[in-house]
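Listing of entry_31.cif; format and content: mmCIF, C-alpha atoms and all ligand atoms.
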data_data
loop_
_atom_site.label_atom_id
_atom_site.label_comp_id
_atom_site.auth_asym_id
_atom_site.auth_seq_id
_atom_site.Cartn_x
_atom_site.Cartn_y
_atom_site.Cartn_z
CA MET V 8 6.12 -31.67 -18.16
CA THR V 9 5.62 -27.98 -18.80
CA CYS V 10 5.56 -25.96 -15.60
CA VAL V 11 2.27 -24.05 -15.25
CA THR V 12 1.90 -21.52 -12.43
CA ARG V 13 -0.81 -19.01 -11.66
CA PHE V 14 -1.57 -15.87 -9.72
CA ALA V 15 -5.15 -15.98 -8.44
CA PRO V 16 -6.24 -12.75 -6.74
CA SER V 17 -9.70 -12.27 -5.25
CA PRO V 18 -11.00 -8.90 -6.51
CA ASN V 19 -12.37 -7.75 -3.18
CA GLY V 20 -9.86 -4.96 -2.63
CA PRO V 21 -6.83 -3.39 -4.26
CA LEU V 22 -3.60 -5.38 -4.60
CA HIS V 23 -0.73 -4.46 -2.29
CA LEU V 24 2.97 -5.32 -2.10
CA GLY V 25 2.29 -8.84 -0.85
CA HIS V 26 0.24 -9.58 -3.97
CA ALA V 27 2.98 -8.09 -6.15
CA PHE V 28 5.54 -10.41 -4.59
CA SER V 29 3.24 -13.42 -5.01
CA ALA V 30 2.66 -12.61 -8.67
CA ILE V 31 6.41 -12.11 -9.25
CA VAL V 32 7.19 -15.52 -7.70
CA ALA V 33 4.61 -17.28 -9.87
CA HIS V 34 5.65 -15.38 -13.01
CA ASP V 35 9.39 -15.84 -12.54
CA LEU V 36 9.20 -19.55 -11.68
CA ALA V 37 7.22 -20.17 -14.88
CA ARG V 38 9.58 -18.09 -17.00
CA GLU V 39 12.77 -19.67 -15.50
CA ARG V 40 11.39 -23.11 -16.30
CA GLY V 41 10.16 -22.30 -19.79
CA GLY V 42 6.58 -22.75 -18.58
CA ARG V 43 3.31 -20.86 -18.57
CA PHE V 44 2.09 -18.19 -16.15
CA LEU V 45 -1.69 -17.86 -15.81
CA VAL V 46 -3.84 -15.26 -14.11
CA ARG V 47 -7.16 -16.28 -12.63
CA ILE V 48 -9.50 -13.74 -11.09
CA GLU V 49 -11.24 -15.49 -8.18
CA ASP V 50 -14.50 -13.58 -8.37
CA ILE V 51 -17.04 -16.03 -6.96
CA ASP V 52 -17.76 -14.03 -3.83
CA GLY V 53 -20.64 -12.07 -5.31
CA ALA V 54 -21.02 -9.82 -2.29
CA ARG V 55 -17.39 -8.72 -2.13
CA SER V 56 -16.03 -9.02 -5.69
CA ARG V 57 -15.90 -5.83 -7.74
CA ARG V 58 -15.15 -5.46 -11.40
CA GLU V 59 -12.96 -2.40 -10.77
CA PHE V 60 -10.67 -4.38 -8.47
CA ALA V 61 -10.31 -7.12 -11.13
CA GLU V 62 -9.47 -4.51 -13.76
CA GLY V 63 -7.09 -2.79 -11.34
CA ALA V 64 -5.30 -6.08 -10.63
CA LEU V 65 -4.69 -6.69 -14.34
CA ALA V 66 -3.41 -3.12 -14.76
CA ASP V 67 -1.12 -3.61 -11.75
CA LEU V 68 0.38 -6.79 -13.25
CA ALA V 69 1.09 -5.05 -16.56
CA TRP V 70 2.63 -2.12 -14.64
CA LEU V 71 4.92 -4.54 -12.76
CA GLY V 72 6.06 -5.93 -16.13
CA LEU V 73 4.46 -9.34 -15.56
CA SER V 74 2.91 -10.74 -18.73
CA HIS V 75 0.61 -13.73 -18.45
CA ASP V 76 -0.13 -16.43 -20.98
CA GLY V 77 -3.59 -16.39 -22.51
CA GLU V 78 -6.56 -14.35 -21.39
CA ALA V 79 -7.14 -13.81 -17.69
CA ILE V 80 -9.44 -16.57 -16.44
CA ARG V 81 -12.62 -15.71 -14.48
CA GLN V 82 -13.49 -18.14 -11.74
CA SER V 83 -17.15 -17.13 -12.03
CA ASP V 84 -17.20 -18.81 -15.47
CA ARG V 85 -16.59 -22.12 -13.73
CA ILE V 86 -19.49 -22.15 -11.30
CA ALA V 87 -21.26 -25.01 -13.10
CA SER V 88 -18.20 -27.24 -12.70
CA HIS V 89 -18.01 -26.41 -8.98
CA ALA V 90 -21.68 -27.36 -8.60
CA ALA V 91 -21.13 -30.62 -10.52
CA ALA V 92 -18.21 -31.63 -8.29
CA LEU V 93 -20.25 -30.87 -5.18
CA GLU V 94 -23.03 -33.06 -6.57
CA ARG V 95 -20.59 -35.94 -7.05
CA LEU V 96 -19.48 -35.65 -3.43
CA ARG V 97 -23.10 -35.40 -2.31
CA ALA V 98 -24.01 -38.57 -4.21
CA ARG V 99 -21.27 -40.37 -2.29
CA GLY V 100 -22.51 -39.10 1.08
CA LEU V 101 -19.29 -37.14 1.66
CA VAL V 102 -20.93 -33.76 2.22
CA TYR V 103 -23.89 -32.75 4.37
CA PRO V 104 -26.03 -29.61 4.59
CA CYS V 105 -25.39 -27.20 7.45
CA ARG V 106 -27.58 -24.36 8.64
CA CYS V 107 -25.55 -23.26 11.66
CA THR V 108 -24.76 -19.57 11.95
CA ARG V 109 -21.27 -18.24 12.63
CA ALA V 110 -22.35 -17.24 16.12
CA GLU V 111 -23.73 -20.73 16.88
CA ILE V 112 -20.48 -22.32 15.67
CA ALA V 113 -18.32 -19.92 17.67
CA ALA V 114 -20.38 -20.66 20.80
CA ALA V 115 -20.25 -24.46 20.41
CA ALA V 116 -16.71 -24.93 19.00
CA ARG V 117 -14.17 -26.60 21.26
CA GLU V 118 -11.11 -26.22 19.01
CA SER V 119 -9.61 -23.62 16.75
CA GLY V 120 -8.19 -24.50 13.31
CA PRO V 121 -6.35 -22.59 10.56
CA ASP V 122 -9.59 -20.87 9.46
CA GLY V 123 -11.00 -20.16 12.93
CA PRO V 124 -13.30 -22.26 15.12
CA VAL V 125 -13.46 -25.92 14.07
CA TYR V 126 -17.05 -26.88 13.26
CA PRO V 127 -18.42 -28.83 16.23
CA GLY V 128 -20.38 -31.20 13.96
CA THR V 129 -23.88 -30.07 14.96
CA CYS V 130 -25.53 -30.81 11.59
CA ARG V 131 -23.41 -33.88 10.77
CA ASN V 132 -25.80 -36.37 12.29
CA VAL V 133 -29.03 -34.50 11.64
CA ARG V 134 -29.01 -34.90 7.85
CA PHE V 135 -32.00 -32.75 6.94
CA VAL V 136 -33.25 -32.15 3.41
CA PRO V 137 -32.67 -28.45 2.71
CA ASP V 138 -35.62 -26.42 1.42
CA GLY V 139 -33.48 -23.44 0.39
CA PRO V 140 -29.84 -22.47 0.02
CA VAL V 141 -27.60 -23.96 2.71
CA ALA V 142 -23.90 -24.48 3.21
CA TRP V 143 -22.46 -27.93 2.47
CA ARG V 144 -19.70 -29.34 4.66
CA LEU V 145 -17.26 -32.14 4.00
CA ASP V 146 -17.62 -35.06 6.40
CA MET V 147 -13.90 -34.99 7.15
CA ALA V 148 -13.60 -38.31 8.98
CA ARG V 149 -15.46 -40.15 6.26
CA ALA V 150 -13.58 -38.40 3.46
CA MET V 151 -10.19 -39.15 5.02
CA ALA V 152 -11.15 -42.78 5.55
CA GLU V 153 -12.19 -43.05 1.92
CA ALA V 154 -9.05 -41.35 0.57
CA GLY V 155 -6.56 -43.14 2.85
CA PRO V 156 -3.18 -41.63 3.85
CA LEU V 157 -1.96 -38.84 1.55
CA THR V 158 1.18 -36.77 1.16
CA TRP V 159 1.97 -33.64 -0.83
CA ASP V 160 5.18 -31.88 -1.80
CA ASP V 161 6.16 -28.29 -1.25
CA GLU V 162 9.30 -27.15 -3.09
CA ILE V 163 10.49 -25.27 -0.02
CA ALA V 164 9.05 -27.11 2.98
CA GLY V 165 9.46 -30.60 1.53
CA ARG V 166 7.13 -33.58 1.78
CA GLN V 167 4.07 -33.15 3.99
CA VAL V 168 1.70 -35.72 5.42
CA ALA V 169 -1.76 -34.39 4.54
CA SER V 170 -3.58 -33.36 7.72
CA PRO V 171 -6.86 -31.85 6.52
CA ASP V 172 -8.47 -32.81 9.83
CA LEU V 173 -6.85 -29.64 11.23
CA PHE V 174 -9.81 -27.85 9.63
CA GLY V 175 -12.58 -30.20 10.73
CA ASP V 176 -15.64 -30.41 8.45
CA VAL V 177 -14.76 -27.60 6.03
CA VAL V 178 -17.39 -25.74 4.02
CA LEU V 179 -17.28 -26.81 0.36
CA ALA V 180 -20.27 -24.79 -0.80
CA ARG V 181 -21.63 -21.65 0.70
CA LYS V 182 -25.22 -20.50 0.72
CA ASP V 183 -24.48 -18.00 -2.01
CA ALA V 184 -21.83 -19.88 -4.07
CA PRO V 185 -21.70 -23.51 -5.18
CA GLY V 186 -17.96 -23.66 -4.51
CA SER V 187 -16.13 -22.43 -1.41
CA TYR V 188 -12.54 -21.24 -1.78
CA HIS V 189 -11.25 -24.76 -1.09
CA LEU V 190 -13.42 -26.51 -3.67
CA ALA V 191 -13.19 -23.82 -6.36
CA VAL V 192 -9.42 -23.35 -6.20
CA THR V 193 -8.76 -27.09 -6.28
CA LEU V 194 -11.05 -27.68 -9.26
CA ASP V 195 -9.82 -24.65 -11.16
CA ASP V 196 -6.13 -25.42 -10.69
CA ALA V 197 -6.83 -28.85 -12.17
CA ALA V 198 -8.95 -27.39 -15.01
CA ASP V 199 -6.20 -24.89 -15.82
CA GLY V 200 -3.48 -27.56 -15.85
CA VAL V 201 -1.56 -25.88 -13.02
CA THR V 202 1.45 -28.02 -12.11
CA LEU V 203 3.00 -25.70 -9.50
CA VAL V 204 0.65 -23.97 -7.06
CA THR V 205 2.49 -20.85 -5.88
CA ARG V 206 1.02 -18.77 -3.09
CA GLY V 207 1.86 -17.27 0.28
CA LEU V 208 2.56 -19.21 3.44
CA ASP V 209 -0.74 -17.99 4.89
CA LEU V 210 -2.41 -20.63 2.70
CA PHE V 211 0.01 -23.44 3.54
CA ALA V 212 -2.45 -25.36 5.72
CA ALA V 213 -5.20 -25.05 3.10
CA SER V 214 -3.14 -27.34 0.85
CA HIS V 215 -3.92 -30.24 3.21
CA VAL V 216 -7.60 -29.85 2.31
CA HIS V 217 -6.86 -29.37 -1.38
CA ARG V 218 -4.80 -32.56 -1.47
CA LEU V 219 -7.72 -34.48 0.03
CA LEU V 220 -10.17 -32.99 -2.49
CA GLN V 221 -7.84 -33.98 -5.34
CA ALA V 222 -7.87 -37.55 -4.08
CA LEU V 223 -11.67 -37.62 -3.67
CA LEU V 224 -12.33 -36.10 -7.09
CA GLY V 225 -9.60 -37.94 -9.03
CA LEU V 226 -7.74 -34.74 -9.94
CA PRO V 227 -4.05 -34.48 -10.89
CA VAL V 228 -1.72 -33.59 -8.02
CA PRO V 229 0.49 -30.52 -8.51
CA THR V 230 3.57 -29.52 -6.53
CA TRP V 231 3.25 -26.54 -4.19
CA HIS V 232 5.52 -23.57 -3.58
CA HIS V 233 4.45 -21.55 -0.54
CA HIS V 234 6.55 -18.41 -0.43
CA ALA V 235 7.36 -16.03 2.42
CA LEU V 236 4.90 -13.25 3.18
CA ILE V 237 5.71 -9.57 3.39
CA VAL V 238 4.84 -8.46 6.90
CA GLU V 239 5.22 -5.39 9.08
CA VAL V 240 8.52 -5.57 11.03
CA ASP V 241 6.53 -5.81 14.25
CA GLY V 242 5.12 -9.07 12.86
CA GLY V 243 1.70 -7.71 11.88
CA LYS V 244 -0.04 -8.59 8.65
CA LEU V 245 0.57 -6.22 5.77
CA ALA V 246 -2.42 -3.96 5.50
CA LYS V 247 -3.16 -0.76 3.74
CA ARG V 248 -4.35 0.94 6.90
CA ARG V 249 -0.90 0.40 8.39
CA GLY V 250 0.81 2.48 5.75
CA SER V 251 1.36 0.01 2.89
CA PRO V 252 -0.05 1.79 -0.16
CA ALA V 253 -2.04 -0.15 -2.74
CA LEU V 254 -0.21 -0.92 -5.97
CA ALA V 255 -2.82 1.13 -7.82
CA ASP V 256 -1.92 4.22 -5.76
CA ARG V 257 1.76 3.79 -6.64
CA ARG V 258 0.89 3.18 -10.30
CA LEU V 259 -1.37 6.21 -10.53
CA ALA V 260 1.27 8.34 -8.79
CA GLY V 261 3.64 7.55 -11.67
CA GLU V 262 6.02 5.19 -9.83
CA ASP V 263 8.06 2.81 -12.02
CA GLY V 264 6.42 -0.61 -11.54
CA ARG V 265 9.21 -2.63 -13.18
CA ALA V 266 11.76 -1.03 -10.88
CA LEU V 267 9.56 -1.91 -7.87
CA ALA V 268 9.33 -5.51 -9.12
CA ASP V 269 13.11 -5.68 -9.42
CA ARG V 270 13.55 -4.39 -5.88
CA LEU V 271 11.14 -7.04 -4.58
CA ARG V 272 13.08 -9.71 -6.53
CA ALA V 273 16.26 -8.50 -4.84
CA GLY V 274 14.54 -8.74 -1.45
CA LEU V 275 14.60 -4.96 -0.95
CA LEU V 276 11.52 -3.89 0.96
CA PRO V 277 10.30 -0.46 2.01
CA GLU V 278 11.19 0.65 5.52
CA GLY V 279 9.11 -1.10 8.17
CA LEU V 280 8.43 -4.24 6.13
CA ALA V 281 10.15 -7.64 6.22
CA PHE V 282 9.76 -11.15 4.83
CA SER V 283 8.19 -13.63 7.25
CA PRO V 284 10.44 -16.53 8.24
CA LEU V 285 9.74 -19.48 5.94
CA ALA V 286 9.42 -22.10 8.63
CA ASN V 287 6.82 -20.22 10.65
CA ALA V 288 3.54 -21.12 9.00
CA ALA V 289 4.43 -24.67 7.99
CA HIS V 290 2.17 -27.12 9.84
CA LYS V 291 4.43 -30.12 9.40
CA ALA V 292 2.78 -33.35 10.35
N1 LIG F 1 -7.81 -16.09 -4.25
C1 LIG F 1 -7.00 -16.34 -3.09
C2 LIG F 1 -6.63 -15.04 -2.43
O1 LIG F 1 -6.61 -14.01 -3.06
C3 LIG F 1 -5.71 -17.05 -3.38
C4 LIG F 1 -5.91 -18.35 -3.99
C5 LIG F 1 -4.68 -19.22 -4.03
O2 LIG F 1 -3.61 -18.76 -4.41
O3 LIG F 1 -4.84 -20.37 -3.72
O4 LIG F 1 -6.33 -15.06 -1.25
#

Represent the structure from my file as C-alpha cells, please.
Ligand code: GLU
Amino acid sequence: MTCVTRFAPSPNGPLHLGHAFSAIVAHDLARERGGRFLVRIEDIDGARSRREFAEGALADLAWLGLSHDGEAIRQSDRIASHAAALERLRARGLVYPCRCTRAEIAAAARESGPDGPVYPGTCRNVRFVPDGPVAWRLDMARAMAEAGPLTWDDEIAGRQVASPDLFGDVVLARKDAPGSYHLAVTLDDAADGVTLVTRGLDLFAASHVHRLLQALLGLPVPTWHHHALIVEVDGGKLAKRRGSPALADRRLAGEDGRALADRLRAGLLPEGLAFSPLANAAHKA
C-alpha cells in the first residue's frame, strides 16, 4: 500500500519552527517510503482563518524545500461532506444539539479532559429541536457502546486502546461550521487516502476520538505517527511571543530555508529550544 502522509496547518497565524518540523516529518516519511505527501489547508474556522496565512504557509513549505504531491487541498471545499456525515450520525441518534455556553460548561464541569473541561452532559437528556444554529455533541457512551472496543497503532508509541471517553461528549459540529476539528480531520484524512497520520504529540489524545469516528462512519483506519514537539527549554509551548520567529520572518529576511530544514532533520535547534520527550504526552490506556 502506498504511504500517504499530509501536513494540515490551520491558517490562523504564521507557521513557526514546530510547524516546519511537523511538515518535514510528514514529507520525509512519505519520500523515504516512496509515497505521497499532501498538504491540506484546514480553513474551516471562518472567524480565524486568513487567506494570507494559507498563502504564507505554502510559501514557507517551498522555502523549506518541501514539495507536495498535487494541489494543496482546502478543507473548506469539503464542508458538504462534513455536514452529510453529521447527518448520518444524527439519524442514528449518536449526536445531540447543545446550546450551553463556555462559561456554563466551565461552571458545571466536574472533570478536565485533553481539550479542557469535560462537558457535564447538560443538554444530553433534554433533546430539544434547535430553531437556529447550535453545536452538536457526540453521545460518547452510546457511540462507544455501538462501536465496541477499538485499538489504534502509533508507529512510535505502539498499540493503543482507544479511550475517547477522556474527552466526554465532544463537539462534532460547531454553531458556525458543520464539522469540528475532530469530525473534519477524520473525514478528510479518509477522503484524501491518508495512510499515515503524522502530527505532533499535542494531538495524540485526539486520535482516540478519531478512531471512534472512523468506526462509526465506516472509514479506513490509518496508522499514526505522533512526533516530538519543539518546546522552550523551560518546558513552555513554542510561541512567537517568546522569541521564536515565524518562518515567514526568517524567509523574508533572506535565511536559507533548506539549510534550516536540514538542521531540524539533524535535531539541531536554536538556543533555548528542545524536543519534548516522546513518552510525555502519550495517554496509554
Ligand atoms: N489543523 C491542525 C492544526 O493546525 C492539525 C491537524 C492534524 O494534523 O490533525 O493544529

Mind dumping a table of every stretch 114-213 of chain V residue within 12 Å of stretch 264-283 of chain V, with the nearest atom pair and its distance in Å to one decimal, using all atoms listed in the file, sorted by chain and rising number, as a tab-separated table?
residue	atom	partner	partner_atom	distance
V:Gly207	CA	V:Ser283	CA	10.1
V:Leu208	CA	V:Ser283	CA	8.8
V:Asp209	CA	V:Ser283	CA	10.2

Same residues, C-alpha atoms, saved as an mmCIF file, keeping the file's coordinate frame:
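Final output, saved to out-v1.cif:
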data_model
loop_
_atom_site.group_PDB
_atom_site.id
_atom_site.type_symbol
_atom_site.label_atom_id
_atom_site.label_comp_id
_atom_site.auth_asym_id
_atom_site.auth_seq_id
_atom_site.Cartn_x
_atom_site.Cartn_y
_atom_site.Cartn_z
ATOM 1 C CA GLY V 207 1.860 -17.270 0.280
ATOM 2 C CA LEU V 208 2.560 -19.210 3.440
ATOM 3 C CA ASP V 209 -0.740 -17.990 4.890
#

Compile the contact shell of V:Arg258 as a short mmCIF file (atom, residue, chain, number, x, y, z; two decimals) with C-alpha atoms, in the frame of the given file: residues with an atom at most 9 Å away, counting only C-alpha atoms, same-chain residues fewer than 4 positions apart removed.
data_model
loop_
_atom_site.label_atom_id
_atom_site.label_comp_id
_atom_site.auth_asym_id
_atom_site.auth_seq_id
_atom_site.Cartn_x
_atom_site.Cartn_y
_atom_site.Cartn_z
CA ALA V 66 -3.41 -3.12 -14.76
CA ASP V 67 -1.12 -3.61 -11.75
CA TRP V 70 2.63 -2.12 -14.64
CA ALA V 253 -2.04 -0.15 -2.74
CA LEU V 254 -0.21 -0.92 -5.97
CA GLU V 262 6.02 5.19 -9.83
CA ASP V 263 8.06 2.81 -12.02
CA GLY V 264 6.42 -0.61 -11.54
#

Rank V:Val201, V:Ala92, V:Leu259, V:Ala54 by their smallest atom-to-atom distance to ligand LIG 1 (chain F), using all atoms listed in the file, and report the top residue only.
V:Val201

Interface rows for chain V against ligand LIG 1 (chain F): nearest pair, Å to one decimal, 9 Å, only C-alpha atoms and all ligand atoms, as JSON lines:
{"residue": "V:Arg13", "atom": "CA", "partner": "F:LIG1", "partner_atom": "O2", "distance": 7.8}
{"residue": "V:Phe14", "atom": "CA", "partner": "F:LIG1", "partner_atom": "O2", "distance": 6.4}
{"residue": "V:Ala15", "atom": "CA", "partner": "F:LIG1", "partner_atom": "N1", "distance": 5.0}
{"residue": "V:Pro16", "atom": "CA", "partner": "F:LIG1", "partner_atom": "O1", "distance": 3.9}
{"residue": "V:Ser17", "atom": "CA", "partner": "F:LIG1", "partner_atom": "O1", "distance": 4.2}
{"residue": "V:Pro18", "atom": "CA", "partner": "F:LIG1", "partner_atom": "O1", "distance": 7.6}
{"residue": "V:Asn19", "atom": "CA", "partner": "F:LIG1", "partner_atom": "O1", "distance": 8.5}
{"residue": "V:His26", "atom": "CA", "partner": "F:LIG1", "partner_atom": "O1", "distance": 8.2}
{"residue": "V:Ser29", "atom": "CA", "partner": "F:LIG1", "partner_atom": "O2", "distance": 8.7}
{"residue": "V:Arg47", "atom": "CA", "partner": "F:LIG1", "partner_atom": "N1", "distance": 8.4}
{"residue": "V:Ile48", "atom": "CA", "partner": "F:LIG1", "partner_atom": "N1", "distance": 7.4}
{"residue": "V:Glu49", "atom": "CA", "partner": "F:LIG1", "partner_atom": "N1", "distance": 5.3}
{"residue": "V:Asp50", "atom": "CA", "partner": "F:LIG1", "partner_atom": "N1", "distance": 8.2}
{"residue": "V:Tyr188", "atom": "CA", "partner": "F:LIG1", "partner_atom": "N1", "distance": 7.4}
{"residue": "V:His189", "atom": "CA", "partner": "F:LIG1", "partner_atom": "O3", "distance": 8.2}
{"residue": "V:Val192", "atom": "CA", "partner": "F:LIG1", "partner_atom": "O3", "distance": 6.0}
{"residue": "V:Thr193", "atom": "CA", "partner": "F:LIG1", "partner_atom": "O3", "distance": 8.2}
{"residue": "V:Asp196", "atom": "CA", "partner": "F:LIG1", "partner_atom": "O3", "distance": 8.7}
{"residue": "V:Val204", "atom": "CA", "partner": "F:LIG1", "partner_atom": "O2", "distance": 7.2}
{"residue": "V:Thr205", "atom": "CA", "partner": "F:LIG1", "partner_atom": "O2", "distance": 6.6}
{"residue": "V:Arg206", "atom": "CA", "partner": "F:LIG1", "partner_atom": "O2", "distance": 4.8}
{"residue": "V:Gly207", "atom": "CA", "partner": "F:LIG1", "partner_atom": "O2", "distance": 7.4}
{"residue": "V:Asp209", "atom": "CA", "partner": "F:LIG1", "partner_atom": "O4", "distance": 8.8}
{"residue": "V:Leu210", "atom": "CA", "partner": "F:LIG1", "partner_atom": "O3", "distance": 6.9}
{"residue": "V:Ala213", "atom": "CA", "partner": "F:LIG1", "partner_atom": "O3", "distance": 8.3}
{"residue": "V:Ser214", "atom": "CA", "partner": "F:LIG1", "partner_atom": "O3", "distance": 8.5}

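Taking all atoms listed in the file, the non-local environment of V:Val32 within 8 Å (same-chain residues fewer than 4 positions away omitted) comprises V:Phe28, V:Leu36, V:Thr205, V:His234.
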
Go ahead and compute the interatomic distance for atom CA of V:Gln221 and atom CA of V:Leu68, in Å to one decimal.
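Computed distance, atom CA of V:Gln221 to atom CA of V:Leu68, equals 29.5 Å.
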
Minimum-distance residue to V:Glu62, chosen among V:Leu22, V:Ala30, V:Ala169, V:Leu96 (using all atoms listed in the file):
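That would be V:Leu22, the residue with the smallest distance to V:Glu62.
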
Computed interatomic separation between atom CA of V:Gly200 and atom CA of V:Asp52 (Å)
23.1 Å
